[in-house]
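Have a look at entry_24.pdb below; it lists PDB, C-alpha atoms.
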ATOM      1  CA  MET E 832     157.876  61.349 117.613
ATOM      2  CA  ASP E 833     154.544  61.251 119.446
ATOM      3  CA  ILE E 834     151.277  62.625 118.087
ATOM      4  CA  ILE E 835     151.248  65.900 120.023
ATOM      5  CA  SER E 836     154.889  66.707 119.221
ATOM      6  CA  THR E 837     154.358  65.918 115.543
ATOM      7  CA  PHE E 838     151.357  68.206 115.144
ATOM      8  CA  LEU E 839     152.856  71.000 117.231
ATOM      9  CA  THR E 840     155.964  70.845 115.038
ATOM     10  CA  ILE E 841     153.851  71.007 111.872
ATOM     11  CA  PHE E 842     151.807  73.886 113.264
ATOM     12  CA  VAL E 843     154.891  75.917 114.228
ATOM     13  CA  ILE E 844     156.487  75.522 110.783
ATOM     14  CA  LEU E 845     153.140  76.414 109.149
ATOM     15  CA  LEU E 846     153.020  79.515 111.333
ATOM     16  CA  ILE E 847     156.582  80.453 110.386
ATOM     17  CA  GLY E 848     155.667  80.207 106.696
ATOM     18  CA  PHE E 849     152.479  82.218 107.175
ATOM     19  CA  ILE E 850     154.249  84.986 109.136
ATOM     20  CA  ALA E 851     157.132  85.076 106.660
ATOM     21  CA  LYS E 852     154.652  85.622 103.824
ATOM     22  CA  ARG E 853     152.591  88.243 105.682
ATOM     23  CA  SER E 854     155.694  90.202 106.680
ATOM     24  CA  ASP E 855     157.119  90.047 103.137
ATOM     25  CA  PHE E 856     160.163  88.202 104.455
ATOM     26  CA  ILE E 857     159.416  85.667 101.715
ATOM     27  CA  SER E 858     157.603  87.032  98.660
ATOM     28  CA  GLU E 859     154.818  85.263  96.776
ATOM     29  CA  SER E 860     157.131  84.526  93.828
ATOM     30  CA  GLU E 861     159.729  83.045  96.179
ATOM     31  CA  GLY E 862     156.997  80.895  97.722
ATOM     32  CA  VAL E 863     156.138  79.587  94.261
ATOM     33  CA  THR E 864     159.811  78.732  93.731
ATOM     34  CA  ILE E 865     159.945  76.808  97.015
ATOM     35  CA  ASN E 866     156.836  74.888  95.969
ATOM     36  CA  LYS E 867     158.455  73.992  92.635
ATOM     37  CA  VAL E 868     161.568  72.744  94.434
ATOM     38  CA  VAL E 869     159.369  70.512  96.586
ATOM     39  CA  VAL E 870     157.248  69.087  93.749
ATOM     40  CA  ASN E 871     159.947  68.709  91.100
ATOM     41  CA  LEU E 872     163.013  67.810  93.149
ATOM     42  CA  ALA E 873     162.681  67.140  96.880
ATOM     43  CA  MET E 874     159.488  65.055  96.939
ATOM     44  CA  PRO E 875     160.565  62.775  94.059
ATOM     45  CA  CYS E 876     163.802  62.105  95.970
ATOM     46  CA  LEU E 877     161.807  61.334  99.127
ATOM     47  CA  VAL E 878     159.581  58.899  97.232
ATOM     48  CA  PHE E 879     162.506  57.189  95.478
ATOM     49  CA  ASN E 880     164.578  56.979  98.662
ATOM     50  CA  SER E 881     161.667  55.460 100.606
ATOM     51  CA  LEU E 882     161.038  52.804  97.963
ATOM     52  CA  TYR E 883     164.620  52.015  96.979
ATOM     53  CA  SER E 884     165.560  50.497 100.329
ATOM     54  CA  GLU E 885     162.322  48.581 100.861
ATOM     55  CA  ASN E 886     161.422  44.950 100.269
ATOM     56  CA  MET E 887     159.000  44.866  97.338
ATOM     57  CA  SER E 888     157.458  41.645  98.601
ATOM     58  CA  LEU E 889     154.929  44.037 100.170
ATOM     59  CA  LEU E 890     153.624  45.089  96.745
ATOM     60  CA  PRO E 891     150.439  42.941  96.862
ATOM     61  CA  VAL E 892     149.405  44.770 100.046
ATOM     62  CA  LEU E 893     150.739  48.194  99.036
ATOM     63  CA  GLY E 894     148.819  47.939  95.766
ATOM     64  CA  LYS E 895     145.550  48.026  97.711
ATOM     65  CA  PHE E 896     146.200  51.540  99.019
ATOM     66  CA  PRO E 897     145.523  53.438  95.762
ATOM     67  CA  ILE E 898     142.527  51.159  95.141
ATOM     68  CA  VAL E 899     141.047  52.254  98.476
ATOM     69  CA  GLY E 900     141.566  55.884  97.548
ATOM     70  CA  PHE E 901     140.224  55.601  94.014
ATOM     71  CA  ILE E 902     137.013  53.774  95.013
ATOM     72  CA  THR E 903     136.469  56.217  97.892
ATOM     73  CA  ALA E 904     136.963  59.215  95.598
ATOM     74  CA  PHE E 905     134.481  57.772  93.077
ATOM     75  CA  ILE E 906     131.775  57.197  95.715
ATOM     76  CA  CYS E 907     132.372  60.631  97.242
ATOM     77  CA  PHE E 908     132.075  62.177  93.794
ATOM     78  CA  ILE E 909     128.632  60.629  93.306
ATOM     79  CA  ILE E 910     127.393  61.644  96.764
ATOM     80  CA  SER E 911     128.848  65.169  96.533
ATOM     81  CA  TYR E 912     127.435  65.710  93.053
ATOM     82  CA  TYR E 913     123.973  64.656  94.247
ATOM     83  CA  ILE E 914     124.085  66.890  97.357
ATOM     84  CA  LEU E 915     125.418  69.930  95.499
ATOM     85  CA  THR E 916     122.870  69.458  92.715
ATOM     86  CA  LEU E 917     120.081  69.445  95.299
ATOM     87  CA  MET E 918     121.516  72.731  96.613
ATOM     88  CA  ASP E 919     121.039  74.139  93.091
ATOM     89  CA  LEU E 920     124.538  75.627  92.965
ATOM     90  CA  PRO E 921     125.973  77.216  89.801
ATOM     91  CA  ASP E 922     128.341  74.906  87.936
ATOM     92  CA  LYS E 923     131.349  77.082  88.765
ATOM     93  CA  GLN E 924     130.773  76.509  92.480
ATOM     94  CA  LYS E 925     129.550  72.936  92.283
ATOM     95  CA  TRP E 926     132.546  71.648  90.330
ATOM     96  CA  ALA E 927     134.986  73.699  92.388
ATOM     97  CA  ILE E 928     133.713  71.964  95.539
ATOM     98  CA  ILE E 929     133.795  68.547  93.877
ATOM     99  CA  SER E 930     137.447  69.023  92.925
ATOM    100  CA  VAL E 931     138.527  69.703  96.526
ATOM    101  CA  VAL E 932     136.470  66.787  97.857
ATOM    102  CA  ILE E 933     137.948  64.085  95.618
ATOM    103  CA  MET E 934     141.536  65.407  95.484
ATOM    104  CA  GLY E 935     143.321  64.941  98.811
ATOM    105  CA  ASN E 936     146.546  66.423 100.145
ATOM    106  CA  THR E 937     148.008  62.994 100.892
ATOM    107  CA  GLY E 938     151.476  64.258  99.959
ATOM    108  CA  PHE E 939     151.899  67.793 101.289
ATOM    109  CA  VAL E 940     150.057  67.081 104.540
ATOM    110  CA  GLY E 941     150.024  63.287 104.545
ATOM    111  CA  PHE E 942     153.769  62.703 104.246
ATOM    112  CA  PRO E 943     154.772  64.954 107.194
ATOM    113  CA  VAL E 944     152.009  63.577 109.425
ATOM    114  CA  ILE E 945     152.557  59.904 108.595
ATOM    115  CA  SER E 946     156.350  60.178 108.680
ATOM    116  CA  GLY E 947     156.293  62.025 112.000
ATOM    117  CA  VAL E 948     153.886  59.685 113.775
ATOM    118  CA  PHE E 949     154.434  56.309 112.081
ATOM    119  CA  GLY E 950     157.981  56.524 110.710
ATOM    120  CA  SER E 951     159.390  55.151 107.457
ATOM    121  CA  SER E 952     157.084  52.112 107.334
ATOM    122  CA  GLY E 953     154.075  54.394 107.482
ATOM    123  CA  LEU E 954     155.567  56.744 104.894
ATOM    124  CA  LEU E 955     156.018  53.864 102.452
ATOM    125  CA  ARG E 956     152.301  53.107 102.653
ATOM    126  CA  ALA E 957     151.405  56.799 102.416
ATOM    127  CA  ILE E 958     153.402  57.026  99.176
ATOM    128  CA  PHE E 959     151.281  54.288  97.641
ATOM    129  CA  PHE E 960     148.051  55.903  98.853
ATOM    130  CA  ASN E 961     149.265  59.108  97.213
ATOM    131  CA  ILE E 962     148.976  57.347  93.831
ATOM    132  CA  THR E 963     145.247  57.999  94.242
ATOM    133  CA  ASP E 964     145.779  61.726  93.949
ATOM    134  CA  VAL E 965     148.093  61.324  90.975
ATOM    135  CA  LEU E 966     145.170  59.555  89.282
ATOM    136  CA  MET E 967     142.673  62.143  90.521
ATOM    137  CA  MET E 968     144.885  64.864  89.070
ATOM    138  CA  VAL E 969     144.124  63.479  85.615
ATOM    139  CA  VAL E 970     140.514  62.470  86.306
ATOM    140  CA  VAL E 971     139.512  65.915  87.593
ATOM    141  CA  TYR E 972     141.247  67.647  84.706
ATOM    142  CA  LEU E 973     139.432  65.408  82.199
ATOM    143  CA  MET E 974     136.096  66.089  83.916
ATOM    144  CA  PHE E 975     136.713  69.814  83.656
ATOM    145  CA  VAL E 976     137.664  69.488  79.976
ATOM    146  CA  ILE E 977     134.460  67.551  79.265
ATOM    147  CA  LYS E 978     132.305  70.001  81.221
ATOM    148  CA  PHE E 979     133.906  73.346  80.364
ATOM    149  CA  GLY E 980     136.011  72.643  77.277
ATOM    150  CA  GLY E 981     139.770  72.468  76.917
ATOM    151  CA  SER E 982     142.632  70.280  75.783
ATOM    152  CA  TYR E 983     142.715  66.542  76.525
ATOM    153  CA  ARG E 984     146.394  66.610  75.655
ATOM    154  CA  LYS E 985     147.187  68.688  78.751
ATOM    155  CA  ALA E 986     145.751  66.001  81.014
ATOM    156  CA  ILE E 987     148.074  63.401  79.516
ATOM    157  CA  GLU E 988     151.033  65.781  79.677
ATOM    158  CA  ARG E 989     150.401  66.461  83.371
ATOM    159  CA  ILE E 990     150.767  62.831  84.353
ATOM    160  CA  ILE E 991     153.663  62.136  81.978
ATOM    161  CA  ARG E 992     155.600  65.125  83.306
ATOM    162  CA  PHE E 993     154.785  64.522  87.000
ATOM    163  CA  PRO E 994     158.154  63.815  88.708
ATOM    164  CA  VAL E 995     156.705  62.042  91.759
ATOM    165  CA  LEU E 996     155.073  59.397  89.551
ATOM    166  CA  TRP E 997     158.365  58.660  87.793
ATOM    167  CA  ALA E 998     160.191  58.545  91.124
ATOM    168  CA  LEU E 999     157.669  55.955  92.312
ATOM    169  CA  ILE E1000     158.010  53.813  89.177
ATOM    170  CA  ILE E1001     161.814  53.982  89.126
ATOM    171  CA  GLY E1002     162.017  53.374  92.885
ATOM    172  CA  VAL E1003     159.889  50.217  92.646
ATOM    173  CA  VAL E1004     161.823  48.889  89.621
ATOM    174  CA  PHE E1005     165.255  49.598  91.136
ATOM    175  CA  SER E1006     164.255  48.016  94.430
ATOM    176  CA  PHE E1007     162.674  44.965  92.801
ATOM    177  CA  TYR E1008     165.732  44.280  90.612
ATOM    178  CA  ASN E1009     168.304  45.401  93.233
ATOM    179  CA  VAL E1010     169.790  48.032  90.924
ATOM    180  CA  SER E1011     172.775  49.762  92.545
ATOM    181  CA  ILE E1012     173.014  53.558  92.280
ATOM    182  CA  GLY E1013     176.327  53.902  94.121
ATOM    183  CA  PRO E1014     177.155  55.765  97.353
ATOM    184  CA  VAL E1015     177.457  59.273  95.861
ATOM    185  CA  LEU E1016     174.073  59.315  94.109
ATOM    186  CA  SER E1017     172.518  57.563  97.093
ATOM    187  CA  ASN E1018     173.771  60.320  99.422
ATOM    188  CA  VAL E1019     172.616  63.098  97.066
ATOM    189  CA  ILE E1020     169.107  61.618  96.909
ATOM    190  CA  LYS E1021     169.031  61.147 100.683
ATOM    191  CA  TYR E1022     170.104  64.755 101.359
ATOM    192  CA  LEU E1023     167.415  66.081  99.023
ATOM    193  CA  ALA E1024     164.841  63.697 100.514
ATOM    194  CA  ASP E1025     165.637  64.887 104.040
ATOM    195  CA  MET E1026     164.696  68.480 103.224
ATOM    196  CA  THR E1027     161.305  67.522 101.774
ATOM    197  CA  ILE E1028     159.139  67.418 104.898
ATOM    198  CA  PRO E1029     160.118  70.844 106.340
ATOM    199  CA  LEU E1030     159.877  72.480 102.894
ATOM    200  CA  ILE E1031     156.438  70.938 102.338
ATOM    201  CA  ILE E1032     155.096  72.365 105.598
ATOM    202  CA  LEU E1033     156.757  75.739 105.024
ATOM    203  CA  SER E1034     155.242  75.888 101.521
ATOM    204  CA  LEU E1035     151.782  75.219 102.952
ATOM    205  CA  GLY E1036     152.215  78.056 105.438
ATOM    206  CA  LEU E1037     153.304  80.416 102.677
ATOM    207  CA  SER E1038     150.212  79.599 100.602
ATOM    208  CA  MET E1039     147.583  80.184 103.295
ATOM    209  CA  LYS E1040     145.162  83.099 102.869
ATOM    210  CA  PHE E1041     142.134  83.803 105.065
ATOM    211  CA  ASP E1042     140.639  86.762 103.193
ATOM    212  CA  ASN E1043     137.591  85.070 101.647
ATOM    213  CA  ILE E1044     136.529  82.431 104.177
ATOM    214  CA  ARG E1045     133.957  84.651 105.894
ATOM    215  CA  ASP E1046     132.293  85.705 102.621
ATOM    216  CA  LYS E1047     131.277  82.141 101.665
ATOM    217  CA  ILE E1048     131.294  80.404 105.024
ATOM    218  CA  GLY E1049     128.266  78.185 104.287
ATOM    219  CA  LEU E1050     129.689  76.653 101.114
ATOM    220  CA  THR E1051     133.166  76.554 102.642
ATOM    221  CA  LEU E1052     131.868  74.477 105.551
ATOM    222  CA  THR E1053     129.972  72.231 103.126
ATOM    223  CA  GLY E1054     133.142  71.412 101.207
ATOM    224  CA  THR E1055     135.103  70.949 104.428
ATOM    225  CA  VAL E1056     132.564  68.511 105.900
ATOM    226  CA  LEU E1057     132.431  66.480 102.685
ATOM    227  CA  LYS E1058     136.224  66.233 102.586
ATOM    228  CA  LEU E1059     137.145  65.721 106.233
ATOM    229  CA  PHE E1060     134.192  63.588 107.325
ATOM    230  CA  LEU E1061     132.443  61.959 104.357
ATOM    231  CA  TYR E1062     135.660  60.887 102.612
ATOM    232  CA  PRO E1063     137.232  58.978 105.568
ATOM    233  CA  PHE E1064     133.810  57.583 106.536
ATOM    234  CA  ILE E1065     133.410  55.985 103.088
ATOM    235  CA  SER E1066     137.061  54.942 103.105
ATOM    236  CA  PHE E1067     136.596  53.031 106.376
ATOM    237  CA  PHE E1068     134.208  50.591 104.691
ATOM    238  CA  ILE E1069     136.349  50.248 101.548
ATOM    239  CA  ILE E1070     139.381  49.432 103.720
ATOM    240  CA  LYS E1071     137.415  46.673 105.444
ATOM    241  CA  LEU E1072     136.091  45.405 102.114
ATOM    242  CA  LEU E1073     139.616  45.066 100.686
ATOM    243  CA  GLY E1074     140.859  43.252 103.776
ATOM    244  CA  LEU E1075     143.390  45.784 105.067
ATOM    245  CA  THR E1076     143.929  45.328 108.793
ATOM    246  CA  GLY E1077     146.178  46.518 111.605
ATOM    247  CA  PHE E1078     148.927  48.957 110.662
ATOM    248  CA  ASN E1079     147.898  48.970 106.997
ATOM    249  CA  SER E1080     144.322  49.851 107.878
ATOM    250  CA  THR E1081     145.478  52.662 110.169
ATOM    251  CA  ILE E1082     147.679  54.319 107.544
ATOM    252  CA  ALA E1083     145.008  54.021 104.836
ATOM    253  CA  LEU E1084     142.347  55.615 107.050
ATOM    254  CA  VAL E1085     144.621  58.437 108.226
ATOM    255  CA  GLU E1086     145.602  59.213 104.622
ATOM    256  CA  ALA E1087     141.925  59.225 103.641
ATOM    257  CA  ALA E1088     141.312  61.838 106.349
ATOM    258  CA  MET E1089     143.746  64.350 104.817
ATOM    259  CA  PRO E1090     142.492  67.804 103.728
ATOM    260  CA  SER E1091     142.011  69.002 100.147
ATOM    261  CA  ALA E1092     144.829  69.176  97.617
ATOM    262  CA  MET E1093     146.376  72.567  96.890
ATOM    263  CA  LEU E1094     146.523  71.574  93.204
ATOM    264  CA  ALA E1095     142.767  72.119  92.947
ATOM    265  CA  ILE E1096     143.331  75.878  92.973
ATOM    266  CA  SER E1097     145.350  75.819  89.749
ATOM    267  CA  TYR E1098     142.681  73.712  88.040
ATOM    268  CA  VAL E1099     139.870  75.981  89.181
ATOM    269  CA  MET E1100     141.785  79.060  88.021
ATOM    270  CA  GLU E1101     142.519  77.518  84.622
ATOM    271  CA  PHE E1102     138.843  76.724  83.983
ATOM    272  CA  LYS E1103     137.624  80.020  85.522
ATOM    273  CA  LEU E1104     135.575  78.459  88.315
ATOM    274  CA  ASP E1105     135.109  79.855  91.841
ATOM    275  CA  THR E1106     138.727  80.371  92.937
ATOM    276  CA  GLU E1107     137.868  82.180  96.175
ATOM    277  CA  LEU E1108     135.593  79.371  97.341
ATOM    278  CA  THR E1109     138.187  76.723  96.448
ATOM    279  CA  SER E1110     140.922  78.560  98.318
ATOM    280  CA  SER E1111     138.680  79.046 101.367
ATOM    281  CA  ILE E1112     137.810  75.347 101.584
ATOM    282  CA  ILE E1113     141.445  74.280 101.256
ATOM    283  CA  VAL E1114     142.640  76.683 103.947
ATOM    284  CA  LEU E1115     139.805  75.859 106.354
ATOM    285  CA  ASP E1116     139.954  72.079 106.037
ATOM    286  CA  THR E1117     143.756  72.144 106.278
ATOM    287  CA  LEU E1118     143.550  74.022 109.582
ATOM    288  CA  ILE E1119     140.716  71.862 110.922
ATOM    289  CA  SER E1120     142.649  68.719 109.946
ATOM    290  CA  LEU E1121     145.316  69.728 112.474
ATOM    291  CA  VAL E1122     142.634  68.942 115.072
ATOM    292  CA  THR E1123     140.755  66.049 113.424
ATOM    293  CA  LEU E1124     143.859  64.086 112.413
ATOM    294  CA  PRO E1125     145.408  63.762 115.890
ATOM    295  CA  ILE E1126     141.982  62.848 117.293
ATOM    296  CA  LEU E1127     141.563  60.143 114.625
ATOM    297  CA  ILE E1128     145.088  58.814 115.157
ATOM    298  CA  SER E1129     144.553  58.679 118.930
ATOM    299  CA  ILE E1130     141.283  56.760 118.496
ATOM    300  CA  ILE E1131     142.578  54.145 116.058
TER
END

Take the structure in this file and express it as structure tokens.
Amino acid sequence: MDIISTFLTIFVILLIGFIAKRSDFISESEGVTINKVVVNLAMPCLVFNSLYSENMSLLPVLGKFPIVGFITAFICFIISYYILTLMDLPDKQKWAIISVVIMGNTGFVGFPVISGVFGSSGLLRAIFFNITDVLMMVVVYLMFVIKFGGSYRKAIERIIRFPVLWALIIGVVFSFYNVSIGPVLSNVIKYLADMTIPLIILSLGLSMKFDNIRDKIGLTLTGTVLKLFLYPFISFFIIKLLGLTGFNSTIALVEAAMPSAMLAISYVMEFKLDTELTSSIIVLDTLISLVTLPILISII
């Protein structure tokens, strides 16, 4: 599928989800259920299925993808913290913005985009880049616990109970040791994997709200610029430093240019930070990414 067709397809499914939610065709609780199906069932099957049939001789190269993301996130954290401190923002806004800058939506947006434009080879690399955000899930939670108080145990539980991580580990092990799962289980996993991409996009459409963007447009734009422009800019140099070239470099840079992770909202709500600002940044940079991503892909 070409770039224009891919992004038009994503946009139309997003629009269907948004309209379905606004017209009460799909309720908020039903949207939450769809999201749980994606995270706990469909996406793990997609990850496992993508890894199971691949040659793990690529591991030395694939292992560089989460390193790119982690180093980029760390540098962006330092720069964002410095900028937001100079702006003299309250902690509840400053840390809310930081969370959406260093946690990317490399799965919910990245997988459909990469799969649609670059196919299964690109998706395999996107899955490994997505390890970054599995790590950031724990790192951000620990930062919030240190700053605002809370339970360290929950951070450990989140990663232990995260199905996508286990799907990745099991997929790599089964592929490396050529473990057979039989035709029936293989078909079941493939069927569930095939429904992941449309459900992901539909879930994003269902979650979009535009109510608060106008109220905090300045800070919303600040977070959006840091995520969509600073993050891939820093990533470009890390990619070069680690020696990724060609197709690998392209996938890493496109994944680095993804918008903010939806998961940030649940963190911000749990620690009673600025939920409205977080939601506004995520919605705005997700929509803007539908323009910036095809431009970036066309250039590189």

Could you expand the PyMOL selection byres ((chain E and resi 944) around 12) into the explicit residues it covers here, written as a ChimeraX atom specification? /E:832-842,936-943,945-951,953-954,957,1028-1029,1031-1032,1082,1085-1086,1088-1090,1120-1121,1124-1125,1128

Could you write those residues out with C-alpha atoms, as a tab-separated table (two decimals), keeping the file's coordinate frame?
chain	number	residue	atom	x	y	z
E	832	MET	CA	157.88	61.35	117.61
E	833	ASP	CA	154.54	61.25	119.45
E	834	ILE	CA	151.28	62.62	118.09
E	835	ILE	CA	151.25	65.90	120.02
E	836	SER	CA	154.89	66.71	119.22
E	837	THR	CA	154.36	65.92	115.54
E	838	PHE	CA	151.36	68.21	115.14
E	839	LEU	CA	152.86	71.00	117.23
E	840	THR	CA	155.96	70.84	115.04
E	841	ILE	CA	153.85	71.01	111.87
E	842	PHE	CA	151.81	73.89	113.26
E	936	ASN	CA	146.55	66.42	100.14
E	937	THR	CA	148.01	62.99	100.89
E	938	GLY	CA	151.48	64.26	99.96
E	939	PHE	CA	151.90	67.79	101.29
E	940	VAL	CA	150.06	67.08	104.54
E	941	GLY	CA	150.02	63.29	104.54
E	942	PHE	CA	153.77	62.70	104.25
E	943	PRO	CA	154.77	64.95	107.19
E	945	ILE	CA	152.56	59.90	108.60
E	946	SER	CA	156.35	60.18	108.68
E	947	GLY	CA	156.29	62.02	112.00
E	948	VAL	CA	153.89	59.68	113.78
E	949	PHE	CA	154.43	56.31	112.08
E	950	GLY	CA	157.98	56.52	110.71
E	951	SER	CA	159.39	55.15	107.46
E	953	GLY	CA	154.07	54.39	107.48
E	954	LEU	CA	155.57	56.74	104.89
E	957	ALA	CA	151.40	56.80	102.42
E	1028	ILE	CA	159.14	67.42	104.90
E	1029	PRO	CA	160.12	70.84	106.34
E	1031	ILE	CA	156.44	70.94	102.34
E	1032	ILE	CA	155.10	72.36	105.60
E	1082	ILE	CA	147.68	54.32	107.54
E	1085	VAL	CA	144.62	58.44	108.23
E	1086	GLU	CA	145.60	59.21	104.62
E	1088	ALA	CA	141.31	61.84	106.35
E	1089	MET	CA	143.75	64.35	104.82
E	1090	PRO	CA	142.49	67.80	103.73
E	1120	SER	CA	142.65	68.72	109.95
E	1121	LEU	CA	145.32	69.73	112.47
E	1124	LEU	CA	143.86	64.09	112.41
E	1125	PRO	CA	145.41	63.76	115.89
E	1128	ILE	CA	145.09	58.81	115.16

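In this model, the gap between CA of Lys978 (chain E) and CA of Met934 (chain E) comes to 17.6 Å.
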
Of the candidates E:Leu1033, E:Leu882, E:Leu996, E:Ile1113, which shows the shortest atom-to-atom distance to Ile847 (chain E), using only C-alpha atoms? E:Leu1033

Two-atom distance - CA of Ile865 (chain E), CA of Leu846 (chain E) (Å):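 Separation between CA of Ile865 (chain E) and CA of Leu846 (chain E): 16.1 Å.
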
Could you name the residues that touch Phe959 (chain E) at 12 Å or less, counting only C-alpha atoms, but leaving out those on the same chain fewer than 3 positions away, as a ChimeraX atom specification? /E:878-879,881-882,889-901,937-938,941-942,952-956,962-966,995-996,998-1000,1002-1003,1079,1082-1083,1086

Would you save the residues of that selection, restricted to C-alpha atoms, as a PDB file, keeping the file's coordinate frame?
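Wrote it out as part-v1.pdb, contents follow:
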ATOM      1  CA  VAL E 878     159.581  58.899  97.232  1.00  0.00           C
ATOM      2  CA  PHE E 879     162.506  57.189  95.478  1.00  0.00           C
ATOM      3  CA  SER E 881     161.667  55.460 100.606  1.00  0.00           C
ATOM      4  CA  LEU E 882     161.038  52.804  97.963  1.00  0.00           C
ATOM      5  CA  LEU E 889     154.929  44.037 100.170  1.00  0.00           C
ATOM      6  CA  LEU E 890     153.624  45.089  96.745  1.00  0.00           C
ATOM      7  CA  PRO E 891     150.439  42.941  96.862  1.00  0.00           C
ATOM      8  CA  VAL E 892     149.405  44.770 100.046  1.00  0.00           C
ATOM      9  CA  LEU E 893     150.739  48.194  99.036  1.00  0.00           C
ATOM     10  CA  GLY E 894     148.819  47.939  95.766  1.00  0.00           C
ATOM     11  CA  LYS E 895     145.550  48.026  97.711  1.00  0.00           C
ATOM     12  CA  PHE E 896     146.200  51.540  99.019  1.00  0.00           C
ATOM     13  CA  PRO E 897     145.523  53.438  95.762  1.00  0.00           C
ATOM     14  CA  ILE E 898     142.527  51.159  95.141  1.00  0.00           C
ATOM     15  CA  VAL E 899     141.047  52.254  98.476  1.00  0.00           C
ATOM     16  CA  GLY E 900     141.566  55.884  97.548  1.00  0.00           C
ATOM     17  CA  PHE E 901     140.224  55.601  94.014  1.00  0.00           C
ATOM     18  CA  THR E 937     148.008  62.994 100.892  1.00  0.00           C
ATOM     19  CA  GLY E 938     151.476  64.258  99.959  1.00  0.00           C
ATOM     20  CA  GLY E 941     150.024  63.287 104.545  1.00  0.00           C
ATOM     21  CA  PHE E 942     153.769  62.703 104.246  1.00  0.00           C
ATOM     22  CA  SER E 952     157.084  52.112 107.334  1.00  0.00           C
ATOM     23  CA  GLY E 953     154.075  54.394 107.482  1.00  0.00           C
ATOM     24  CA  LEU E 954     155.567  56.744 104.894  1.00  0.00           C
ATOM     25  CA  LEU E 955     156.018  53.864 102.452  1.00  0.00           C
ATOM     26  CA  ARG E 956     152.301  53.107 102.653  1.00  0.00           C
ATOM     27  CA  ILE E 962     148.976  57.347  93.831  1.00  0.00           C
ATOM     28  CA  THR E 963     145.247  57.999  94.242  1.00  0.00           C
ATOM     29  CA  ASP E 964     145.779  61.726  93.949  1.00  0.00           C
ATOM     30  CA  VAL E 965     148.093  61.324  90.975  1.00  0.00           C
ATOM     31  CA  LEU E 966     145.170  59.555  89.282  1.00  0.00           C
ATOM     32  CA  VAL E 995     156.705  62.042  91.759  1.00  0.00           C
ATOM     33  CA  LEU E 996     155.073  59.397  89.551  1.00  0.00           C
ATOM     34  CA  ALA E 998     160.191  58.545  91.124  1.00  0.00           C
ATOM     35  CA  LEU E 999     157.669  55.955  92.312  1.00  0.00           C
ATOM     36  CA  ILE E1000     158.010  53.813  89.177  1.00  0.00           C
ATOM     37  CA  GLY E1002     162.017  53.374  92.885  1.00  0.00           C
ATOM     38  CA  VAL E1003     159.889  50.217  92.646  1.00  0.00           C
ATOM     39  CA  ASN E1079     147.898  48.970 106.997  1.00  0.00           C
ATOM     40  CA  ILE E1082     147.679  54.319 107.544  1.00  0.00           C
ATOM     41  CA  ALA E1083     145.008  54.021 104.836  1.00  0.00           C
ATOM     42  CA  GLU E1086     145.602  59.213 104.622  1.00  0.00           C
TER      43      GLU E1086
END

So what do you get for CA of Leu917 (chain E) versus CA of Gly1049 (chain E), distance-wise?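 Taking CA of Leu917 (chain E) as the start and CA of Gly1049 (chain E) as the end point, the length is 15.0 Å.
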
Report the residues retrieved by the PyMOL selection byres ((chain E and resi 1059) around 12) from the displayed file, expressed as a ChimeraX atom specification. /E:907,931-936,1052-1058,1060-1066,1084-1091,1112-1113,1115-1124,1127

Restricting it to C-alpha atoms, dump the selection as a short mmCIF file (atom, residue, chain, number, x, y, z; two decimals), keeping the file's coordinate frame.
data_model
loop_
_atom_site.label_atom_id
_atom_site.label_comp_id
_atom_site.auth_asym_id
_atom_site.auth_seq_id
_atom_site.Cartn_x
_atom_site.Cartn_y
_atom_site.Cartn_z
CA CYS E 907 132.37 60.63 97.24
CA VAL E 931 138.53 69.70 96.53
CA VAL E 932 136.47 66.79 97.86
CA ILE E 933 137.95 64.08 95.62
CA MET E 934 141.54 65.41 95.48
CA GLY E 935 143.32 64.94 98.81
CA ASN E 936 146.55 66.42 100.14
CA LEU E 1052 131.87 74.48 105.55
CA THR E 1053 129.97 72.23 103.13
CA GLY E 1054 133.14 71.41 101.21
CA THR E 1055 135.10 70.95 104.43
CA VAL E 1056 132.56 68.51 105.90
CA LEU E 1057 132.43 66.48 102.68
CA LYS E 1058 136.22 66.23 102.59
CA PHE E 1060 134.19 63.59 107.32
CA LEU E 1061 132.44 61.96 104.36
CA TYR E 1062 135.66 60.89 102.61
CA PRO E 1063 137.23 58.98 105.57
CA PHE E 1064 133.81 57.58 106.54
CA ILE E 1065 133.41 55.98 103.09
CA SER E 1066 137.06 54.94 103.10
CA LEU E 1084 142.35 55.62 107.05
CA VAL E 1085 144.62 58.44 108.23
CA GLU E 1086 145.60 59.21 104.62
CA ALA E 1087 141.93 59.22 103.64
CA ALA E 1088 141.31 61.84 106.35
CA MET E 1089 143.75 64.35 104.82
CA PRO E 1090 142.49 67.80 103.73
CA SER E 1091 142.01 69.00 100.15
CA ILE E 1112 137.81 75.35 101.58
CA ILE E 1113 141.44 74.28 101.26
CA LEU E 1115 139.80 75.86 106.35
CA ASP E 1116 139.95 72.08 106.04
CA THR E 1117 143.76 72.14 106.28
CA LEU E 1118 143.55 74.02 109.58
CA ILE E 1119 140.72 71.86 110.92
CA SER E 1120 142.65 68.72 109.95
CA LEU E 1121 145.32 69.73 112.47
CA VAL E 1122 142.63 68.94 115.07
CA THR E 1123 140.76 66.05 113.42
CA LEU E 1124 143.86 64.09 112.41
CA LEU E 1127 141.56 60.14 114.62
#

What do you get, as a ChimeraX atom specification, if you spell out every residue that the PyMOL selection byres ((chain E and resi 970) around 12) selects here? /E:901,904-905,908,929-930,933-934,963-969,971-977,983,985-987,989-990,1095,1098

Near Asn866 (chain E), within 9 Å and counting all atoms listed in the file, which residues show up once chain neighbours fewer than 5 positions away are dropped, as number ranges by chain? E: 861, 871, 1030-1031, 1034-1035

Selection near Asp1025 (chain E), 10 Å with all atoms listed in the file, sequence-local residues under 4 positions removed, as number ranges by chain: E: 873-874, 876-877, 880, 1020-1021, 1029-1030
